[in-house]
file final-v8.tsv (TSV, C-alpha atoms)
chain	number	residue	atom	x	y	z
A	1	MET	CA	0.00	0.00	0.00
A	2	LYS	CA	2.93	2.29	0.74
A	3	ASN	CA	4.17	1.91	-2.84
A	4	ILE	CA	0.77	2.77	-4.24
A	5	ARG	CA	0.69	5.91	-2.11
A	6	LEU	CA	4.15	6.88	-3.31
A	7	ILE	CA	3.24	6.23	-6.95
A	8	SER	CA	0.10	8.32	-6.65
A	9	VAL	CA	1.99	11.21	-5.07
A	10	ILE	CA	4.60	11.12	-7.85
A	11	LEU	CA	1.94	10.78	-10.55
A	12	PHE	CA	-0.20	13.66	-9.41
A	13	GLY	CA	2.85	15.75	-8.56
A	14	MET	CA	4.08	15.32	-12.13
A	15	PHE	CA	0.66	16.22	-13.40
A	16	ILE	CA	0.51	19.47	-11.45
A	17	VAL	CA	4.07	20.43	-12.37
A	18	MET	CA	3.32	19.85	-16.03
A	19	LEU	CA	0.19	21.93	-15.76
A	20	LEU	CA	2.09	24.75	-14.14
A	21	ILE	CA	4.89	24.82	-16.71
A	22	SER	CA	2.50	24.80	-19.64
A	23	ALA	CA	1.17	28.33	-19.57
A	24	GLU	CA	-1.47	27.68	-22.21
A	25	THR	CA	-3.88	25.84	-19.93
A	26	ILE	CA	-3.74	28.49	-17.26
A	27	SER	CA	-5.47	30.94	-19.56
A	28	TYR	CA	-8.94	29.43	-19.67
A	29	ILE	CA	-10.26	28.87	-23.13
A	30	GLN	CA	-13.86	29.68	-23.86
A	31	PRO	CA	-15.94	29.38	-26.99
A	32	ASP	CA	-17.41	32.45	-28.65
A	33	ASN	CA	-20.87	30.85	-28.81
A	34	VAL	CA	-22.56	27.45	-29.03
A	35	THR	CA	-21.54	26.92	-32.66
A	36	GLY	CA	-17.99	27.74	-31.66
A	37	ALA	CA	-18.08	25.09	-28.96
A	38	VAL	CA	-19.25	22.44	-31.43
A	39	LYS	CA	-16.50	23.47	-33.84
A	40	ASP	CA	-13.84	23.44	-31.11
A	41	THR	CA	-14.63	20.04	-29.62
A	42	GLY	CA	-16.65	18.13	-32.22
A	43	ALA	CA	-19.34	17.30	-29.63
A	44	ILE	CA	-22.83	18.54	-30.41
A	45	ASN	CA	-23.88	18.21	-26.76
A	46	VAL	CA	-22.38	21.44	-25.48
A	47	ILE	CA	-22.57	20.22	-21.89
A	48	ALA	CA	-20.15	17.41	-22.78
A	49	ALA	CA	-18.05	19.91	-24.75
A	50	TYR	CA	-17.70	21.91	-21.55
A	51	TYR	CA	-17.08	19.29	-18.92
A	52	LEU	CA	-14.81	17.12	-21.05
A	53	GLY	CA	-13.37	19.91	-23.16
A	54	TYR	CA	-12.97	23.35	-21.71
A	55	ARG	CA	-13.34	22.26	-18.09
A	56	LEU	CA	-11.70	18.82	-18.22
A	57	PHE	CA	-9.45	19.86	-15.33
A	58	ASP	CA	-12.48	20.30	-13.04
A	59	THR	CA	-13.96	16.99	-14.18
A	60	LEU	CA	-10.75	15.12	-13.37
A	61	PHE	CA	-10.96	16.22	-9.76
A	62	GLU	CA	-14.64	15.45	-9.68
A	63	ILE	CA	-13.70	11.87	-10.58
A	64	LEU	CA	-11.12	11.91	-7.79
A	65	VAL	CA	-13.71	13.17	-5.30
A	66	PHE	CA	-15.96	10.26	-6.25
A	67	THR	CA	-13.08	7.80	-5.84
A	68	VAL	CA	-12.29	9.19	-2.39
A	69	ALA	CA	-15.97	8.96	-1.44
A	70	VAL	CA	-16.10	5.28	-2.43
A	71	GLN	CA	-12.92	4.55	-0.47
A	72	GLY	CA	-14.35	6.43	2.50
A	73	VAL	CA	-17.53	4.34	2.51
A	74	VAL	CA	-15.57	1.09	2.21
A	75	HIS	CA	-13.16	2.11	4.95
A	76	LEU	CA	-15.67	3.48	7.45
A	77	LEU	CA	-18.19	0.68	7.07
A	78	GLY	CA	-15.41	-1.90	6.94
A	79	HIS	CA	-14.85	-1.37	10.66
A	80	MET	CA	-18.38	-2.42	11.49
A	81	PRO	CA	-19.04	-6.11	12.05
A	82	THR	CA	-20.74	-7.75	9.09
A	83	LEU	CA	-24.36	-8.67	9.34
A	84	GLU	CA	-24.84	-12.34	10.17
A	85	GLN	CA	-28.15	-12.80	8.43
A	86	HIS	CA	-28.65	-10.95	5.15
A	87	LYS	CA	-32.16	-11.90	4.12
A	88	PRO	CA	-32.51	-11.61	0.35
A	89	MET	CA	-35.84	-11.82	-1.46
A	90	ARG	CA	-35.98	-15.31	-2.91
A	91	GLU	CA	-39.27	-15.26	-4.84
A	92	LYS	CA	-38.73	-16.63	-8.35
A	93	ALA	CA	-40.66	-13.84	-10.07
A	94	ILE	CA	-38.63	-11.13	-8.38
A	95	ILE	CA	-35.35	-12.87	-9.22
A	96	ILE	CA	-36.23	-13.18	-12.91
A	97	TYR	CA	-37.52	-9.60	-13.02
A	98	THR	CA	-34.41	-8.14	-11.43
A	99	ASP	CA	-32.13	-10.20	-13.67
A	100	LEU	CA	-33.95	-8.87	-16.74
A	101	ILE	CA	-33.79	-5.30	-15.44
A	102	PHE	CA	-30.07	-5.80	-14.77
A	103	GLY	CA	-29.33	-6.23	-18.48
A	104	ALA	CA	-31.60	-3.37	-19.51
A	105	SER	CA	-30.12	-0.94	-17.02
A	106	LEU	CA	-26.54	-1.97	-17.76
A	107	ILE	CA	-26.94	-1.50	-21.52
A	108	THR	CA	-28.94	1.73	-21.13
A	109	GLY	CA	-26.32	3.09	-18.78
A	110	MET	CA	-23.51	2.24	-21.15
A	111	TYR	CA	-25.42	3.79	-24.05
A	112	ILE	CA	-25.92	6.99	-22.06
A	113	ALA	CA	-22.21	7.04	-21.26
A	114	VAL	CA	-20.95	6.25	-24.76
A	115	ALA	CA	-23.35	8.65	-26.51
A	116	GLY	CA	-22.79	11.43	-24.01
A	117	HIS	CA	-21.32	13.72	-26.67
A	118	ILE	CA	-24.21	13.50	-29.13
A	119	SER	CA	-27.20	13.43	-26.76
A	120	ALA	CA	-28.05	14.26	-23.20
A	121	GLY	CA	-26.19	12.14	-20.68
A	122	GLY	CA	-22.60	11.36	-19.95
A	123	GLY	CA	-20.38	9.12	-17.90
A	124	PHE	CA	-21.58	10.05	-14.43
A	125	VAL	CA	-25.27	9.55	-15.17
A	126	GLY	CA	-24.63	6.46	-17.30
A	127	GLY	CA	-22.63	4.82	-14.54
A	128	ILE	CA	-25.36	5.33	-11.96
A	129	VAL	CA	-28.06	4.07	-14.36
A	130	GLY	CA	-25.96	0.97	-14.97
A	131	ALA	CA	-25.45	0.44	-11.25
A	132	THR	CA	-29.18	0.61	-10.50
A	133	GLY	CA	-29.74	-2.83	-12.04
A	134	ALA	CA	-26.88	-4.32	-10.04
A	135	VAL	CA	-28.32	-2.84	-6.84
A	136	LEU	CA	-31.68	-4.49	-7.61
A	137	VAL	CA	-29.93	-7.81	-8.16
A	138	PHE	CA	-28.19	-7.43	-4.79
A	139	LEU	CA	-31.57	-7.42	-3.07
A	140	THR	CA	-32.23	-10.96	-4.30
A	141	MET	CA	-28.83	-12.59	-3.84
A	142	PRO	CA	-27.23	-14.14	-0.75
A	143	MET	CA	-24.09	-12.33	0.39
A	144	GLU	CA	-21.70	-15.14	-0.60
A	145	ASP	CA	-23.00	-15.09	-4.18
A	146	ILE	CA	-22.67	-11.32	-4.35
A	147	GLU	CA	-19.08	-11.50	-3.15
A	148	LYS	CA	-18.32	-14.28	-5.62
A	149	GLU	CA	-19.79	-12.53	-8.64
A	150	PHE	CA	-18.85	-8.95	-7.78
A	151	ASN	CA	-15.45	-9.53	-6.20
A	152	HIS	CA	-14.53	-6.41	-4.31
A	153	THR	CA	-10.77	-6.73	-4.82
A	154	TYR	CA	-11.03	-7.19	-8.57
A	155	MET	CA	-13.44	-4.29	-8.84
A	156	ALA	CA	-11.11	-2.02	-6.86
A	157	ILE	CA	-8.24	-2.99	-9.17
A	158	TRP	CA	-10.34	-2.26	-12.24
A	159	GLU	CA	-11.45	1.04	-10.80
A	160	MET	CA	-7.88	2.15	-10.19
A	161	CYS	CA	-6.80	0.95	-13.66
A	162	ILE	CA	-9.54	3.04	-15.23
A	163	LEU	CA	-8.58	6.05	-13.14
A	164	ALA	CA	-4.97	5.64	-14.27
A	165	THR	CA	-6.10	5.27	-17.91
A	166	ILE	CA	-8.10	8.49	-17.74
A	167	PHE	CA	-5.13	10.39	-16.34
A	168	ALA	CA	-2.78	8.79	-18.87
A	169	LEU	CA	-5.11	9.78	-21.71
A	170	VAL	CA	-5.21	13.32	-20.43
A	171	LEU	CA	-1.43	13.52	-19.96
A	172	LEU	CA	-0.57	11.80	-23.25
A	173	PRO	CA	-0.54	15.04	-25.30
A	174	ILE	CA	2.53	16.19	-23.33
A	175	PHE	CA	4.60	13.42	-24.86
A	176	ILE	CA	3.58	14.34	-28.40
A	177	GLY	CA	4.34	17.99	-27.92
A	178	MET	CA	0.98	19.49	-26.98
A	179	TYR	CA	-0.32	20.97	-23.76
A	180	PRO	CA	-2.00	18.60	-21.28
A	181	MET	CA	-5.71	17.85	-21.64
A	182	LYS	CA	-5.64	18.77	-25.32
A	183	ASN	CA	-8.11	16.84	-27.43
A	184	PHE	CA	-5.47	15.22	-29.60
A	185	LEU	CA	-7.62	12.78	-31.57
A	186	PRO	CA	-9.33	13.85	-34.82
A	187	LEU	CA	-12.64	15.55	-34.08
A	188	GLY	CA	-14.64	13.88	-36.86
A	189	THR	CA	-18.06	14.98	-38.08
A	190	PRO	CA	-20.13	16.49	-35.26
A	191	GLY	CA	-23.22	14.40	-34.58
A	192	HIS	CA	-21.67	11.04	-35.44
A	193	ILE	CA	-20.95	8.50	-32.73
A	194	VAL	CA	-17.25	8.58	-33.67
A	195	SER	CA	-16.60	12.26	-33.18
A	196	GLY	CA	-15.34	14.60	-30.53
A	197	GLY	CA	-11.86	13.08	-30.25
A	198	ILE	CA	-11.21	11.81	-26.71
A	199	ILE	CA	-14.58	12.96	-25.33
A	200	PRO	CA	-16.52	9.68	-25.94
A	201	ILE	CA	-13.55	7.62	-24.72
A	202	VAL	CA	-13.20	9.55	-21.48
A	203	ASP	CA	-16.98	9.52	-21.07
A	204	THR	CA	-17.08	5.72	-21.40
A	205	LEU	CA	-14.23	5.29	-18.94
A	206	ILE	CA	-15.94	7.59	-16.44
A	207	GLY	CA	-19.13	5.59	-16.96
A	208	ILE	CA	-17.44	2.28	-16.11
A	209	LYS	CA	-15.64	3.85	-13.16
A	210	VAL	CA	-18.79	5.36	-11.67
A	211	LEU	CA	-20.61	2.05	-12.26
A	212	ILE	CA	-17.97	0.13	-10.32
A	213	GLY	CA	-17.88	2.77	-7.59
A	214	ALA	CA	-21.65	2.85	-7.15
A	215	VAL	CA	-21.85	-0.96	-7.10
A	216	THR	CA	-19.09	-1.04	-4.47
A	217	ILE	CA	-20.93	1.49	-2.29
A	218	ALA	CA	-24.20	-0.44	-2.56
A	219	GLN	CA	-22.49	-3.77	-1.84
A	220	THR	CA	-20.68	-2.40	1.21
A	221	PHE	CA	-23.84	-0.89	2.62
A	222	ILE	CA	-25.79	-4.12	2.13
A	223	LYS	CA	-22.97	-6.21	3.59
A	224	HIS	CA	-22.60	-4.20	6.78
A	225	ARG	CA	-26.10	-2.91	7.34
A	226	GLY	CA	-28.44	-5.30	5.55
A	227	VAL	CA	-31.49	-4.37	3.54
A	228	PHE	CA	-34.56	-5.42	5.48
B	1	MET	CA	-46.13	23.92	-15.86
B	2	GLU	CA	-43.04	25.35	-14.20
B	3	ILE	CA	-45.14	27.05	-11.52
B	4	VAL	CA	-46.99	23.82	-10.71
B	5	LEU	CA	-43.71	21.88	-10.46
B	6	GLY	CA	-42.18	24.60	-8.32
B	7	ILE	CA	-45.10	24.53	-5.89
B	8	MET	CA	-44.94	20.72	-5.77
B	9	GLY	CA	-41.25	20.93	-5.00
B	10	ILE	CA	-41.89	23.34	-2.11
B	11	VAL	CA	-44.69	21.12	-0.76
B	12	PHE	CA	-42.46	18.01	-0.82
B	13	ALA	CA	-39.60	19.92	0.78
B	14	ILE	CA	-41.88	21.03	3.62
B	15	GLY	CA	-43.03	17.40	3.87
B	16	VAL	CA	-39.42	16.27	4.36
B	17	VAL	CA	-38.89	18.75	7.18
B	18	LEU	CA	-42.19	18.17	8.96
B	19	SER	CA	-42.46	14.37	8.82
B	20	HIS	CA	-41.58	12.66	12.09
B	21	ASN	CA	-41.09	9.22	10.58
B	22	PRO	CA	-37.64	9.03	8.89
B	23	MET	CA	-38.92	6.59	6.27
B	24	ARG	CA	-41.65	9.03	5.26
B	25	ALA	CA	-39.06	11.80	5.01
B	26	ILE	CA	-36.96	9.65	2.67
B	27	ILE	CA	-39.96	8.99	0.42
B	28	PHE	CA	-40.77	12.71	0.38
B	29	MET	CA	-37.18	13.39	-0.62
B	30	GLY	CA	-37.44	10.94	-3.49
B	31	ALA	CA	-40.64	12.67	-4.63
B	32	PHE	CA	-38.88	16.03	-4.34
B	33	SER	CA	-36.03	14.73	-6.52
B	34	ILE	CA	-38.41	13.45	-9.20
B	35	THR	CA	-40.26	16.79	-9.21
B	36	MET	CA	-37.01	18.69	-9.52
B	37	ALA	CA	-35.85	16.38	-12.32
B	38	THR	CA	-39.06	17.13	-14.24
B	39	TYR	CA	-38.56	20.81	-13.51
B	40	TYR	CA	-35.02	20.76	-14.90
B	41	TYR	CA	-36.28	18.93	-17.98
B	42	ALA	CA	-39.03	21.51	-18.47
B	43	MET	CA	-36.42	24.24	-18.20
B	44	GLY	CA	-34.43	22.62	-21.03
B	45	ALA	CA	-31.64	20.92	-19.06
B	46	PRO	CA	-31.99	17.18	-19.78
B	47	ASP	CA	-28.46	16.39	-18.57
B	48	VAL	CA	-29.07	17.82	-15.11
B	49	ALA	CA	-32.53	16.21	-15.07
B	50	MET	CA	-31.02	12.78	-15.70
B	51	ALA	CA	-28.41	13.23	-13.00
B	52	GLU	CA	-31.06	14.38	-10.53
B	53	ALA	CA	-33.41	11.49	-11.36
B	54	THR	CA	-30.78	8.77	-11.08
B	55	LEU	CA	-28.71	10.11	-8.19
B	56	GLY	CA	-31.36	11.96	-6.22
B	57	ALA	CA	-34.37	9.73	-6.67
B	58	VAL	CA	-32.83	6.28	-6.96
B	59	PHE	CA	-29.39	6.04	-5.45
B	60	THR	CA	-29.68	8.47	-2.55
B	61	THR	CA	-33.04	6.98	-1.57
B	62	PHE	CA	-31.57	3.49	-1.56
B	63	ILE	CA	-28.55	4.53	0.51
B	64	TYR	CA	-30.73	6.40	3.00
B	65	ILE	CA	-33.11	3.48	3.43
B	66	VAL	CA	-30.21	1.12	4.08
B	67	ALA	CA	-28.46	3.60	6.36
B	68	MET	CA	-31.58	4.33	8.41
B	69	LYS	CA	-32.31	0.81	9.50
B	70	HIS	CA	-31.00	-0.77	12.65
B	71	ARG	CA	-28.41	-3.42	11.97
B	72	GLY	CA	-29.97	-5.89	14.33
B	73	SER	CA	-30.50	-6.45	17.98
B	74	ILE	CA	-28.49	-7.73	20.90
B	75	LYS	CA	-30.45	-9.89	23.31
B	76	VAL	CA	-29.49	-8.97	26.84
B	77	ALA	CA	-30.53	-10.80	29.97
B	78	TYR	CA	-30.00	-9.02	33.27
B	79	ILE	CA	-30.21	-9.85	36.91
B	80	ARG	CA	-31.49	-6.89	38.86
B	81	LYS	CA	-28.68	-5.53	41.00
B	82	GLU	CA	-28.87	-1.93	42.01
B	83	PRO	CA	-25.74	-0.10	40.88
B	84	PHE	CA	-25.17	-2.32	37.83
B	85	PHE	CA	-28.40	-2.94	36.02
B	86	TYR	CA	-31.87	-2.04	37.20
B	87	ARG	CA	-35.06	-0.47	36.05
B	88	THR	CA	-36.49	2.81	37.19
B	89	ARG	CA	-39.73	4.49	36.25
B	90	GLU	CA	-37.94	6.35	33.43
B	91	GLY	CA	-36.35	3.25	31.98
B	92	PHE	CA	-33.24	1.19	32.48
B	93	ALA	CA	-30.28	2.47	34.44
B	94	GLY	CA	-27.02	1.30	35.91
B	95	SER	CA	-23.38	1.25	34.91
B	96	GLU	CA	-23.51	-1.96	32.88
B	97	TYR	CA	-26.67	-0.84	31.12
B	98	HIS	CA	-25.04	2.44	30.08
B	99	LEU	CA	-21.95	0.64	28.78
B	100	LEU	CA	-24.08	-1.71	26.69
B	101	LYS	CA	-26.32	1.12	25.52
B	102	ARG	CA	-23.36	3.14	24.29
B	103	PHE	CA	-21.94	0.08	22.58
B	104	ALA	CA	-25.28	-0.60	20.85
B	105	ASP	CA	-25.70	3.02	19.74
B	106	LYS	CA	-22.19	3.06	18.33
B	107	ASN	CA	-22.93	0.00	16.20
B	108	ALA	CA	-26.48	1.06	15.30
B	109	MET	CA	-27.90	-1.92	17.13
B	110	HIS	CA	-30.93	-2.27	19.30
B	111	LEU	CA	-30.96	-3.74	22.82
B	112	GLU	CA	-33.60	-6.36	23.58
B	113	ILE	CA	-33.59	-6.53	27.34
B	114	THR	CA	-35.10	-9.35	29.39
B	115	ARG	CA	-35.02	-9.69	33.15
B	116	ILE	CA	-34.06	-13.04	34.63
B	117	ALA	CA	-34.59	-13.87	38.26
B	118	GLU	CA	-31.19	-15.19	39.26
B	119	THR	CA	-27.93	-16.47	37.88
B	120	PRO	CA	-28.86	-19.24	35.46
B	121	SER	CA	-27.81	-22.73	36.48
B	122	HIS	CA	-25.94	-25.15	34.25
B	123	LYS	CA	-29.12	-27.07	33.71
B	124	ASP	CA	-30.98	-24.00	32.44
B	125	LEU	CA	-28.26	-23.19	29.96
B	126	GLN	CA	-27.95	-26.71	28.61
B	127	THR	CA	-31.55	-27.80	28.40
B	128	ASP	CA	-33.71	-24.70	27.98
B	129	ARG	CA	-33.76	-23.88	24.28
B	130	SER	CA	-35.55	-20.59	24.79
B	131	PHE	CA	-32.57	-19.41	26.79
B	132	GLN	CA	-30.95	-17.63	23.83
B	133	PHE	CA	-29.28	-14.47	25.03
B	134	ASP	CA	-26.21	-12.82	23.54
B	135	ILE	CA	-25.24	-11.21	26.80
B	136	ILE	CA	-25.93	-11.97	30.46
B	137	CYS	CA	-25.06	-9.24	32.92
B	138	GLY	CA	-26.04	-7.55	36.15
B	139	GLY	CA	-23.16	-7.39	38.59
B	140	LEU	CA	-21.93	-10.91	37.91
B	141	LYS	CA	-18.57	-11.96	39.36
B	142	ASP	CA	-15.96	-12.90	36.77
B	143	ASN	CA	-15.33	-16.39	38.16
B	144	LEU	CA	-18.72	-17.96	37.46
B	145	SER	CA	-18.87	-20.84	35.02
B	146	LEU	CA	-21.74	-20.47	32.61
B	147	PRO	CA	-21.45	-23.08	29.85
B	148	GLY	CA	-21.61	-21.47	26.41
B	149	TYR	CA	-20.73	-18.02	27.71
B	150	THR	CA	-17.38	-16.30	28.00
B	151	PRO	CA	-16.73	-13.75	30.74
B	152	LEU	CA	-15.62	-10.36	29.49
B	153	PRO	CA	-14.09	-8.33	32.31
B	154	TYR	CA	-14.38	-4.58	32.23
B	155	HIS	CA	-12.94	-1.72	34.23
B	156	LEU	CA	-14.57	-2.78	37.51
B	157	ARG	CA	-12.24	-5.40	38.92
B	158	GLY	CA	-13.82	-8.72	39.81
B	159	PHE	CA	-16.93	-8.25	37.68
B	160	ALA	CA	-17.66	-9.36	34.14
B	161	ILE	CA	-20.24	-9.31	31.40
B	162	TYR	CA	-20.95	-12.76	30.01
B	163	VAL	CA	-21.04	-12.93	26.21
B	164	LYS	CA	-22.26	-15.93	24.29
B	165	THR	CA	-19.26	-17.85	22.96
B	166	ASP	CA	-20.89	-18.39	19.54
B	167	SER	CA	-21.33	-14.70	18.80
B	168	GLU	CA	-17.69	-13.86	18.21
B	169	ASP	CA	-18.55	-10.62	16.40
B	170	ILE	CA	-20.22	-9.16	19.44
B	171	TYR	CA	-17.49	-10.44	21.75
B	172	GLU	CA	-14.67	-8.90	19.74
B	173	SER	CA	-16.27	-5.55	19.15
B	174	LEU	CA	-17.53	-5.33	22.72
B	175	GLU	CA	-14.03	-6.17	23.98
B	176	ASP	CA	-12.56	-3.43	21.79
B	177	PHE	CA	-15.20	-1.03	23.00
B	178	LEU	CA	-14.74	-1.78	26.69
B	179	ILE	CA	-10.94	-1.73	26.62
B	180	GLY	CA	-10.86	1.46	24.57
B	181	ASP	CA	-13.36	3.00	26.96
B	182	SER	CA	-11.42	2.16	30.12
B	183	ASP	CA	-8.22	3.52	28.57
B	184	GLU	CA	-9.89	6.83	27.97
B	185	GLU	CA	-11.53	7.27	31.31
B	186	TYR	CA	-9.44	5.53	33.92
call {"tool": "encode", "arguments": {"input": "final-v8.tsv", "output": "structure tokens"}}
result
Amino acid sequence: MKNIRLISVILFGMFIVMLLISAETISYIQPDNVTGAVKDTGAINVIAAYYLGYRLFDTLFEILVFTVAVQGVVHLLGHMPTLEQHKPMREKAIIIYTDLIFGASLITGMYIAVAGHISAGGGFVGGIVGATGAVLVFLTMPMEDIEKEFNHTYMAIWEMCILATIFALVLLPIFIGMYPMKNFLPLGTPGHIVSGGIIPIVDTLIGIKVLIGAVTIAQTFIKHRGVF
Amino acid sequence: MEIVLGIMGIVFAIGVVLSHNPMRAIIFMGAFSITMATYYYAMGAPDVAMAEATLGAVFTTFIYIVAMKHRGSIKVAYIRKEPFFYRTREGFAGSEYHLLKRFADKNAMHLEITRIAETPSHKDLQTDRSFQFDIICGGLKDNLSLPGYTPLPYHLRGFAIYVKTDSEDIYESLEDFLIGDSDEEY
């Protein structure tokens, strides 16, 4: 754990230093109008153009805040003794219903996340929509099955990998001679699913990360406090 | 449309504040979130509306419902002994009661208290199936032998609270609680 702490300090320290030495990002860029925003970022949803384009810096720390919140829940509740009897709902109809809803919510959530740049939505909302189905499934499963299928350690590893990928993607422009957080991929035709450069990629990654985080929170709460 | 939604939002918000039952307050809050989501949508902000509907109405409600509930109950049997565990007109009192009460509150658990007449005999503990208590207390000396129960001494020398040997969770956390407590105060 000590190494991870050290790595994170070095990583974020490098990030801040690089931000400080590249004067371009300090001067906040703003579009002239809505058409200008679409032209700048290639995303026809101007909200996405803002939070993953002009204000990507803010969004990065929003992701970090969410990560810290998830860790806080896991840590604080982890000290409480686990509930001996978690009583899931075992009626067949409810199990089948929640399993069906699980797929629907997962796919809808991922759609909302992936298509965040061409319609309303985005990674944060998509992740929570995706997690809703998993939360419903938790109500019908015994705790051992939940821990087997949604292994907490694996999910934490995935979450951190995705966080690292997002930061790597944002820092990558430095190594090809551009300022950090520049949208370095081709912007494409606005309105198509493949457009907006890194915006849909970052959106999808945020979606998966928020999904994992929300599922972790729900699982921890159910494990330590029960449902009914 | 906007005016109606705004008034509904205010009504639900007042409902949250005025309801005495926490569960009712949570439901009112969910209703408030849905109203606000519709309001945002009507005002032309579908992104914010979606975030409000999913986070405010679904996820927060779920977390609150889970967080509100009591985790479970500890079954306590006590022998009436004046400074340790007794009942007054206002409710239970005594040093051991207050220790257990603070422990239960800290772990969001509920105390189910039963009075027993005297120290249970071996025969009671082995044969009587209804004798299912997590904790036996009430000024018991720490050298009694109660089969199935482990004595847990606390800051008062010579006395102990008897915890059921099967419920290791309670034993460990109660031990932590009592030792931490005596370090602080004595």
call {"tool": "interface_residues", "arguments": {"input": "final-v8.tsv", "of": "chain A", "to": "chain B", "cutoff": "12 Å", "atoms": "all atoms listed in the file", "output": "PyMOL selection string"}}
result
chain A and resi 45-48+51+73+76-77+79-86+105+109+112-113+116-136+138-139+210-211+214-215+217-228
call {"tool": "residues_around", "arguments": {"input": "final-v8.tsv", "residues": "segment 156-165 of chain A", "least_positions_apart": "5", "cutoff": "10 Å", "atoms": "only C-alpha atoms", "output": "VMD selection string"}}
result
chain A and resid 8 11 60 63 to 64 67 70 to 71 151 170 to 171 202 205 to 206 208 to 213 216
call {"tool": "write_last_selection", "arguments": {"input": "final-v8.tsv", "atoms": "C-alpha atoms", "output": "JSON list (two decimals), in the frame of the given file"}}
result
[["chain", "number", "residue", "atom", "x", "y", "z"],
["A", 8, "SER", "CA", 0.10, 8.32, -6.65],
["A", 11, "LEU", "CA", 1.94, 10.78, -10.55],
["A", 60, "LEU", "CA", -10.75, 15.12, -13.37],
["A", 63, "ILE", "CA", -13.70, 11.87, -10.58],
["A", 64, "LEU", "CA", -11.12, 11.91, -7.79],
["A", 67, "THR", "CA", -13.08, 7.80, -5.84],
["A", 70, "VAL", "CA", -16.10, 5.28, -2.43],
["A", 71, "GLN", "CA", -12.92, 4.55, -0.47],
["A", 151, "ASN", "CA", -15.45, -9.53, -6.20],
["A", 170, "VAL", "CA", -5.21, 13.32, -20.43],
["A", 171, "LEU", "CA", -1.43, 13.52, -19.96],
["A", 202, "VAL", "CA", -13.20, 9.55, -21.48],
["A", 205, "LEU", "CA", -14.23, 5.29, -18.94],
["A", 206, "ILE", "CA", -15.94, 7.59, -16.44],
["A", 208, "ILE", "CA", -17.44, 2.28, -16.11],
["A", 209, "LYS", "CA", -15.64, 3.85, -13.16],
["A", 210, "VAL", "CA", -18.79, 5.36, -11.67],
["A", 211, "LEU", "CA", -20.61, 2.05, -12.26],
["A", 212, "ILE", "CA", -17.97, 0.13, -10.32],
["A", 213, "GLY", "CA", -17.88, 2.77, -7.59],
["A", 216, "THR", "CA", -19.09, -1.04, -4.47]]
call {"tool": "atom_distance", "arguments": {"input": "final-v8.tsv", "atom1": "atom CA of Ala160 of chain B", "atom2": "atom CA of Leu99 of chain B"}}
result
12.1 Å
call {"tool": "atom_distance", "arguments": {"input": "final-v8.tsv", "atom1": "atom CA of Gly42 of chain A", "atom2": "atom CA of Pro186 of chain A"}}
result
8.9 Å
call {"tool": "residues_around", "arguments": {"input": "final-v8.tsv", "residues": "Glu82 of chain B", "least_positions_apart": "4", "cutoff": "9 Å", "atoms": "only C-alpha atoms", "output": "list in words"}}
result
Tyr86, Arg87, Ala93, Gly94, Gly138 and Gly139 of chain B
call {"tool": "residues_around", "arguments": {"input": "final-v8.tsv", "residues": "segment 10-14 of chain B", "least_positions_apart": "6", "cutoff": "9 Å", "atoms": "all atoms listed in the file", "output": "PyMOL selection string"}}
result
chain B and resi 28-29+31-32+35
call {"tool": "atom_distance", "arguments": {"input": "final-v8.tsv", "atom1": "atom CA of Tyr50 of chain A", "atom2": "atom CA of Val9 of chain A"}}
result
27.8 Å
call {"tool": "closest_residue", "arguments": {"input": "final-v8.tsv", "among": "A:Lys87, A:Lys148, A:Arg5, A:Lys39", "to": "Gly188 of chain A", "atoms": "all atoms listed in the file"}}
result
A:Lys39
call {"tool": "decode", "arguments": {"input": "final-v8.tsv", "residues": "segment 145-157 of chain A", "atoms": "C-alpha atoms", "output": "mmCIF file, in the first residue's frame"}}
result
data_model
loop_
_atom_site.group_PDB
_atom_site.id
_atom_site.type_symbol
_atom_site.label_atom_id
_atom_site.label_comp_id
_atom_site.auth_asym_id
_atom_site.auth_seq_id
_atom_site.Cartn_x
_atom_site.Cartn_y
_atom_site.Cartn_z
ATOM 1 C CA ASP A 145 -22.995 -15.088 -4.176
ATOM 2 C CA ILE A 146 -22.671 -11.321 -4.346
ATOM 3 C CA GLU A 147 -19.079 -11.503 -3.154
ATOM 4 C CA LYS A 148 -18.319 -14.277 -5.617
ATOM 5 C CA GLU A 149 -19.786 -12.525 -8.643
ATOM 6 C CA PHE A 150 -18.845 -8.950 -7.780
ATOM 7 C CA ASN A 151 -15.452 -9.531 -6.202
ATOM 8 C CA HIS A 152 -14.526 -6.412 -4.315
ATOM 9 C CA THR A 153 -10.766 -6.728 -4.824
ATOM 10 C CA TYR A 154 -11.029 -7.188 -8.571
ATOM 11 C CA MET A 155 -13.442 -4.286 -8.836
ATOM 12 C CA ALA A 156 -11.107 -2.021 -6.859
ATOM 13 C CA ILE A 157 -8.242 -2.985 -9.169
#
